[in-house]
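Undergrad: Questions regarding the structure given below will be posed in turn.
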Amino acid sequence: MTDTATSVPRQDEEREARASRSGGAGNLIVKIILVGLIDVLLLYLLVETYQARWWIAFVFLVIVAVAVNYTYFTRKSLPLKYLLPGLVFLVVFQLYTMVATGVYSFTNYGTGHLGDKATAITAIEQSNVVPVEGGTQYNVVPLVQGGRVSMLITDPTTNQVSIGTNEGLTAVADGDVQRAGNRVTGVTGYESLNLAALSSNADYKAQWDALRPPVEGQRGVYLRALSVTRAGQAKAGYTYDESRDAMVSSTDGTVYPANADIGNFQSAAGQTLSPGWQVGVGFSNYTKLFTDPTIRARFLPIVAWNFFFAIGTTFLNFALGLALALVLGDRRMRGQGIYRFLLIIPYALPGILTILVWKAILNTDFGLINQVLGANVDWLNNPTLARFSVLAVNLWMGFPYFFLVCSGALTAVPADLKEAAFVDGASGAHAFRTVILPLLLVATAPLLVTTFAFNFNNYTLIDLLTGGGPFPGSLTDGGSTDLLINYTFRTAFGTGSGTTNQQLGLASAIAMLIFVIVGAVSVYGFRLTKRLEEIGR
């Protein structure tokens, strides 16, 4: 009887041990598969970054690969198993972006200065082409094989037929040449193209226009298609002289030495060739914001409006939310549940949808407000009214948040403190100012700081409601409701007209200023919050 009783627990323990071992083996297999997939992805990225000579990314990926395998295949560093994914994404999407923006802010990065010097030299030579005076013209035929377009060239002097690419010429055996009478029409193994075939295929047309087969025996001279049947000799309008570190004009011999200060080849007369290349410009982008009259005239008003908007909207949202929370917190108020439900509807609706609805409501010709008032008020195209509209719409979207926060915070205020204030003879307003509000700020001050930071960069509201306008001048000059973030975006990526000047270096400098401003205000706000916490102790 005793043996039977003791054998049952032993069997249970053995089953649990077997289940634990099988479960551990299963977990290990899953871990190996998941980490293996991550390793495959990292290996692919390592190959890509190595081929691109992107050494910073290559070293970072090596560190990530080592960290992933060490963390998940050892029993150590348990907290790191949960922190590692977040740390990797923090470095990639936050730290790297911030550092890269800071670096670009000290350069001339932008339209005309996107690449390095070698890229600029190649672009200048290829984009400035001049015909060779008295140069020979050739009969040509467009060919295609495997999706690659080439040029079938007949030398008018020797009648030699060759296939030309940007890499060089390949002679064609006479037996492979296809003719129609005395005219060469094609070559065996290739498909001949006519004007209709080229025009109907954008890829073929682009390849044909980019063909520059070199002319044998003439350095720097190549063939350029004049039509689908004729090609003429041409040469680069500018050639790079390495000994002088300068571009030299092929037509008049003008020398354009490299100017490392501005990142362009510049002649003695001050003429520059485009594109240029990236160079460091020190604090030029930062000083330009305050010293360039054109930029300063718009930048400083935008900064002032940005602070007014962020501070004003934070105060209005908090004040209205708190007022409603106090009203609905009164026990004498009936139908509190219905009112609370109605008041949080603006917060529950998608922000983008709400902004677009308000834009339609504020429309001058068909908006609901003007139809109800029987007026023709230009809400969004008058500078003062547009700013008022922005504040009003943001108030509508933001007050429910503080209404909910303040409703919860008010319930945490000890009732005996309020009763003690009234016993001491304090009025309702005085009790609120000296007891309730300080305790309320202990809980809401951090939220006020984050609300200020959010609204300081509230790009979506401005972009969807007013687009930054109305604009006193051009779009690049900045609008009456532009925040710094909207102005920065337009400076960096242009206005979308196709001919805009992208000033990415200048935009990066503005972005760093935004970071400093928001960071400084946040630090001050949180320090103030710590002082307020002493009130609640």
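Numbering starts fresh at 1 for the residues of each chain in the structure tokens, the chains themselves are lettered A, B, ... in the order given, and ligands are numbered from 1 as they appear.
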Near A:Leu300, within 10 Å and counting only C-alpha atoms, which residues show up once chain neighbours fewer than 5 positions away are dropped, as number ranges by chain?
TA: A: 289-290, 295, 305-306, 484
Undergrad: Identify, with DSSP run on backbone atoms, the residues in stretch 308-533 of chain A assigned to alpha helix (DSSP H), and express the list as a PyMOL selection string.
TA: chain A and resi 308-328+336-343+345-348+351-361+368-373+383-411+415-423+428-431+437-456+459-465+484-493+504-533
Undergrad: Can you pull out every residue within 12 Å of A:Arg219, counting only C-alpha atoms, but drop anything in the same chain fewer than 5 positions away, and send it as an NGL selection string?
TA: :A and (213-214 or 233-236 or 239)
Undergrad: Just how far from atom CA of A:Val449 is atom CA of A:Ser522, in Å to one decimal?
TA: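 Distance reported for this atom pair: 5.9 Å.
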Undergrad: Please provide as a PDB file with all heavy atoms, in the first residue's frame all residues within 12 Å of A:Pro472, with the sequence filter that same-chain residues fewer than 4 positions apart are discarded (counting only C-alpha atoms).
TA:
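Everything below was put into part_1.pdb:
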ATOM      1  N   ALA A 297      13.060  88.190 -42.157  1.00  0.00           N
ATOM      2  CA  ALA A 297      11.773  88.879 -42.198  1.00  0.00           C
ATOM      3  C   ALA A 297      10.606  87.918 -42.013  1.00  0.00           C
ATOM      4  O   ALA A 297       9.531  88.324 -41.549  1.00  0.00           O
ATOM      5  CB  ALA A 297      11.624  89.627 -43.523  1.00  0.00           C
ATOM      6  N   ARG A 298      10.774  86.643 -42.371  1.00  0.00           N
ATOM      7  CA  ARG A 298       9.711  85.667 -42.187  1.00  0.00           C
ATOM      8  C   ARG A 298       9.989  84.742 -41.015  1.00  0.00           C
ATOM      9  O   ARG A 298       9.071  84.297 -40.326  1.00  0.00           O
ATOM     10  CB  ARG A 298       9.539  84.833 -43.459  1.00  0.00           C
ATOM     11  CG  ARG A 298       8.970  85.599 -44.623  1.00  0.00           C
ATOM     12  CD  ARG A 298       7.669  86.280 -44.263  1.00  0.00           C
ATOM     13  NE  ARG A 298       6.701  85.375 -43.667  1.00  0.00           N
ATOM     14  CZ  ARG A 298       5.709  85.754 -42.867  1.00  0.00           C
ATOM     15  NH1 ARG A 298       5.560  87.027 -42.534  1.00  0.00           N
ATOM     16  NH2 ARG A 298       4.860  84.868 -42.369  1.00  0.00           N
ATOM     17  N   ASN A 381      -8.429  82.798 -45.052  1.00  0.00           N
ATOM     18  CA  ASN A 381      -7.557  83.560 -45.941  1.00  0.00           C
ATOM     19  C   ASN A 381      -7.242  84.954 -45.427  1.00  0.00           C
ATOM     20  O   ASN A 381      -6.553  85.721 -46.091  1.00  0.00           O
ATOM     21  CB  ASN A 381      -8.187  83.659 -47.338  1.00  0.00           C
ATOM     22  CG  ASN A 381      -8.230  82.319 -48.041  1.00  0.00           C
ATOM     23  OD1 ASN A 381      -7.229  81.600 -48.072  1.00  0.00           O
ATOM     24  ND2 ASN A 381      -9.388  81.951 -48.580  1.00  0.00           N
ATOM     25  N   ASN A 382      -7.746  85.272 -44.260  1.00  0.00           N
ATOM     26  CA  ASN A 382      -7.371  86.504 -43.588  1.00  0.00           C
ATOM     27  C   ASN A 382      -6.386  86.144 -42.478  1.00  0.00           C
ATOM     28  O   ASN A 382      -6.662  85.244 -41.679  1.00  0.00           O
ATOM     29  CB  ASN A 382      -8.615  87.181 -42.987  1.00  0.00           C
ATOM     30  CG  ASN A 382      -8.266  88.445 -42.227  1.00  0.00           C
ATOM     31  OD1 ASN A 382      -7.849  88.385 -41.069  1.00  0.00           O
ATOM     32  ND2 ASN A 382      -8.468  89.583 -42.863  1.00  0.00           N
ATOM     33  N   PRO A 383      -5.215  86.790 -42.405  1.00  0.00           N
ATOM     34  CA  PRO A 383      -4.188  86.367 -41.440  1.00  0.00           C
ATOM     35  C   PRO A 383      -4.698  86.273 -40.005  1.00  0.00           C
ATOM     36  O   PRO A 383      -4.464  85.287 -39.315  1.00  0.00           O
ATOM     37  CB  PRO A 383      -3.109  87.451 -41.590  1.00  0.00           C
ATOM     38  CG  PRO A 383      -3.262  87.939 -42.988  1.00  0.00           C
ATOM     39  CD  PRO A 383      -4.729  87.888 -43.273  1.00  0.00           C
ATOM     40  N   GLY A 468      -0.551  76.498 -43.914  1.00  0.00           N
ATOM     41  CA  GLY A 468       0.433  77.505 -43.527  1.00  0.00           C
ATOM     42  C   GLY A 468       0.044  78.903 -43.921  1.00  0.00           C
ATOM     43  O   GLY A 468       0.647  79.874 -43.467  1.00  0.00           O
ATOM     44  N   THR A 476       7.613  79.902 -50.368  1.00  0.00           N
ATOM     45  CA  THR A 476       8.886  79.722 -49.678  1.00  0.00           C
ATOM     46  C   THR A 476       9.142  80.804 -48.642  1.00  0.00           C
ATOM     47  O   THR A 476      10.037  80.664 -47.806  1.00  0.00           O
ATOM     48  CB  THR A 476      10.050  79.715 -50.693  1.00  0.00           C
ATOM     49  OG1 THR A 476       9.998  80.924 -51.470  1.00  0.00           O
ATOM     50  CG2 THR A 476       9.941  78.516 -51.617  1.00  0.00           C
ATOM     51  N   ASP A 477       8.377  81.921 -48.684  1.00  0.00           N
ATOM     52  CA  ASP A 477       8.570  83.003 -47.725  1.00  0.00           C
ATOM     53  C   ASP A 477       7.924  82.720 -46.371  1.00  0.00           C
ATOM     54  O   ASP A 477       8.188  83.417 -45.407  1.00  0.00           O
ATOM     55  CB  ASP A 477       8.002  84.318 -48.282  1.00  0.00           C
ATOM     56  CG  ASP A 477       8.812  84.823 -49.461  1.00  0.00           C
ATOM     57  OD1 ASP A 477       9.994  84.466 -49.544  1.00  0.00           O
ATOM     58  OD2 ASP A 477       8.254  85.557 -50.297  1.00  0.00           O
ATOM     59  N   GLY A 478       7.061  81.690 -46.309  1.00  0.00           N
ATOM     60  CA  GLY A 478       6.369  81.396 -45.063  1.00  0.00           C
ATOM     61  C   GLY A 478       5.013  82.050 -45.015  1.00  0.00           C
ATOM     62  O   GLY A 478       4.784  83.108 -45.602  1.00  0.00           O
ATOM     63  N   GLY A 479       4.064  81.392 -44.307  1.00  0.00           N
ATOM     64  CA  GLY A 479       2.715  81.892 -44.228  1.00  0.00           C
ATOM     65  C   GLY A 479       2.364  82.430 -42.856  1.00  0.00           C
ATOM     66  O   GLY A 479       3.126  82.303 -41.900  1.00  0.00           O
ATOM     67  N   SER A 480       1.171  82.997 -42.761  1.00  0.00           N
ATOM     68  CA  SER A 480       0.738  83.637 -41.517  1.00  0.00           C
ATOM     69  C   SER A 480       0.483  82.631 -40.404  1.00  0.00           C
ATOM     70  O   SER A 480       0.582  82.978 -39.223  1.00  0.00           O
ATOM     71  CB  SER A 480      -0.532  84.459 -41.775  1.00  0.00           C
ATOM     72  OG  SER A 480      -0.281  85.464 -42.748  1.00  0.00           O
ATOM     73  N   THR A 481       0.113  81.413 -40.736  1.00  0.00           N
ATOM     74  CA  THR A 481      -0.145  80.396 -39.713  1.00  0.00           C
ATOM     75  C   THR A 481       0.935  79.311 -39.696  1.00  0.00           C
ATOM     76  O   THR A 481       0.765  78.282 -39.032  1.00  0.00           O
ATOM     77  CB  THR A 481      -1.518  79.738 -39.934  1.00  0.00           C
ATOM     78  OG1 THR A 481      -1.555  79.154 -41.250  1.00  0.00           O
ATOM     79  CG2 THR A 481      -2.636  80.758 -39.810  1.00  0.00           C
ATOM     80  N   ASP A 482       2.006  79.520 -40.424  1.00  0.00           N
ATOM     81  CA  ASP A 482       3.095  78.544 -40.442  1.00  0.00           C
ATOM     82  C   ASP A 482       3.701  78.371 -39.057  1.00  0.00           C
ATOM     83  O   ASP A 482       4.022  79.360 -38.383  1.00  0.00           O
ATOM     84  CB  ASP A 482       4.195  78.990 -41.406  1.00  0.00           C
ATOM     85  CG  ASP A 482       4.134  78.235 -42.730  1.00  0.00           C
ATOM     86  OD1 ASP A 482       3.609  77.114 -42.736  1.00  0.00           O
ATOM     87  OD2 ASP A 482       4.618  78.773 -43.739  1.00  0.00           O
TER      88      ASP A 482
END
Undergrad: What's around A:Leu316 at 8 Å? Count only C-alpha atoms, leave out sequence neighbours fewer than 3 positions away in its own chain, and write the answer as a compact mmCIF listing (two decimals) with C-alpha atoms, in the first residue's frame.
TA:
# COMPACT_ATOMS: atom_id res chain seq x y z
CA GLY A 312 -1.98 79.76 -26.04
CA THR A 313 -3.47 76.47 -27.16
CA ALA A 319 -8.52 76.05 -18.84
CA LEU A 320 -11.61 74.84 -20.70
CA LEU A 395 -9.25 73.95 -28.77
CA PHE A 399 -10.03 70.28 -24.45
Undergrad: Can you list, as a PyMOL selection string, every protein, DNA or RNA residue that comes within 6 Å of A:Gln503 when you count only C-alpha atoms, leaving out same-chain residues fewer than 3 positions away?
TA: chain A and resi 110+491-492+506
Undergrad: Could you pull out the strand (DSSP E or B) residues of stretch 255-446 of chain A, going by DSSP on the backbone, and write them as a list in words?
TA: Val255, Tyr256, Pro257, Ala258, Asn259, Asn264, Phe265, Gln266, Thr272, Leu273 and Gly280 of chain A
Undergrad: Rounded to one decimal place, report the atom CA of A:Asn363-atom CA of A:Gly351 distance in Å.
TA: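 Result for atom CA of A:Asn363 versus atom CA of A:Gly351: 18.5 Å, one decimal.
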Undergrad: Within 10 Å of A:Ser508, counting only C-alpha atoms, which residues qualify if same-chain residues fewer than 4 places away don't, as an mmCIF file with N, CA and C atoms, in the first residue's frame?
TA:
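After the write, out-v1.cif holds the following:
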data_model
loop_
_atom_site.group_PDB
_atom_site.id
_atom_site.type_symbol
_atom_site.label_atom_id
_atom_site.label_comp_id
_atom_site.auth_asym_id
_atom_site.auth_seq_id
_atom_site.Cartn_x
_atom_site.Cartn_y
_atom_site.Cartn_z
ATOM 1 N N MET A 98 18.811 62.247 -35.400
ATOM 2 C CA MET A 98 19.181 63.510 -34.747
ATOM 3 C C MET A 98 20.621 63.889 -35.082
ATOM 4 N N ALA A 100 22.426 62.877 -37.696
ATOM 5 C CA ALA A 100 22.521 63.194 -39.124
ATOM 6 C C ALA A 100 21.988 64.592 -39.409
ATOM 7 N N THR A 101 20.878 64.951 -38.770
ATOM 8 C CA THR A 101 20.325 66.298 -38.952
ATOM 9 C C THR A 101 21.307 67.357 -38.470
ATOM 10 N N GLY A 102 21.947 67.083 -37.319
ATOM 11 C CA GLY A 102 22.935 68.025 -36.808
ATOM 12 C C GLY A 102 24.114 68.185 -37.741
ATOM 13 N N VAL A 103 24.575 67.085 -38.325
ATOM 14 C CA VAL A 103 25.708 67.151 -39.263
ATOM 15 C C VAL A 103 25.324 67.941 -40.506
ATOM 16 N N TYR A 104 24.146 67.654 -41.069
ATOM 17 C CA TYR A 104 23.718 68.350 -42.284
ATOM 18 C C TYR A 104 23.520 69.845 -42.053
ATOM 19 N N SER A 105 23.206 70.225 -40.799
ATOM 20 C CA SER A 105 22.981 71.642 -40.526
ATOM 21 C C SER A 105 24.249 72.475 -40.675
ATOM 22 N N PHE A 106 25.390 71.824 -40.707
ATOM 23 C CA PHE A 106 26.662 72.541 -40.880
ATOM 24 C C PHE A 106 27.205 72.384 -42.308
ATOM 25 N N THR A 107 26.344 71.984 -43.239
ATOM 26 C CA THR A 107 26.759 71.819 -44.632
ATOM 27 C C THR A 107 25.848 72.632 -45.545
ATOM 28 N N TYR A 109 24.135 71.227 -47.899
ATOM 29 C CA TYR A 109 23.324 70.161 -48.483
ATOM 30 C C TYR A 109 22.004 70.729 -48.995
ATOM 31 N N ASN A 285 24.452 78.408 -41.802
ATOM 32 C CA ASN A 285 23.006 78.192 -41.868
ATOM 33 C C ASN A 285 22.301 78.790 -40.655
ATOM 34 N N TYR A 286 22.946 78.743 -39.504
ATOM 35 C CA TYR A 286 22.343 79.289 -38.292
ATOM 36 C C TYR A 286 22.347 80.816 -38.314
ATOM 37 N N THR A 488 9.962 74.542 -41.945
ATOM 38 C CA THR A 488 11.139 73.700 -42.137
ATOM 39 C C THR A 488 10.903 72.679 -43.247
ATOM 40 N N PHE A 489 9.743 72.060 -43.223
ATOM 41 C CA PHE A 489 9.422 71.065 -44.255
ATOM 42 C C PHE A 489 9.441 71.692 -45.645
ATOM 43 N N THR A 491 11.019 74.388 -46.560
ATOM 44 C CA THR A 491 12.399 74.775 -46.879
ATOM 45 C C THR A 491 13.204 73.565 -47.341
ATOM 46 N N ALA A 492 12.964 72.428 -46.713
ATOM 47 C CA ALA A 492 13.743 71.231 -47.026
ATOM 48 C C ALA A 492 13.314 70.586 -48.329
ATOM 49 N N GLN A 503 16.582 73.484 -49.694
ATOM 50 C CA GLN A 503 17.673 73.924 -48.820
ATOM 51 C C GLN A 503 17.715 73.008 -47.592
ATOM 52 N N LEU A 504 18.230 71.814 -47.790
ATOM 53 C CA LEU A 504 18.204 70.806 -46.737
ATOM 54 C C LEU A 504 19.133 71.176 -45.578
ATOM 55 N N MET A 512 17.236 71.705 -35.756
ATOM 56 C CA MET A 512 18.034 71.641 -34.531
ATOM 57 C C MET A 512 17.623 72.743 -33.553
ATOM 58 N N LEU A 513 17.256 73.911 -34.074
ATOM 59 C CA LEU A 513 16.764 74.966 -33.197
ATOM 60 C C LEU A 513 15.450 74.563 -32.531
ATOM 61 N N ILE A 514 14.577 73.901 -33.289
ATOM 62 C CA ILE A 514 13.324 73.401 -32.717
ATOM 63 C C ILE A 514 13.628 72.418 -31.592
#
Undergrad: Can you work out the spacing between atom CA of A:Leu439 and atom CA of A:Ser407 in Å, to one decimal?
TA: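 Computed distance, atom CA of A:Leu439 to atom CA of A:Ser407, equals 13.1 Å.
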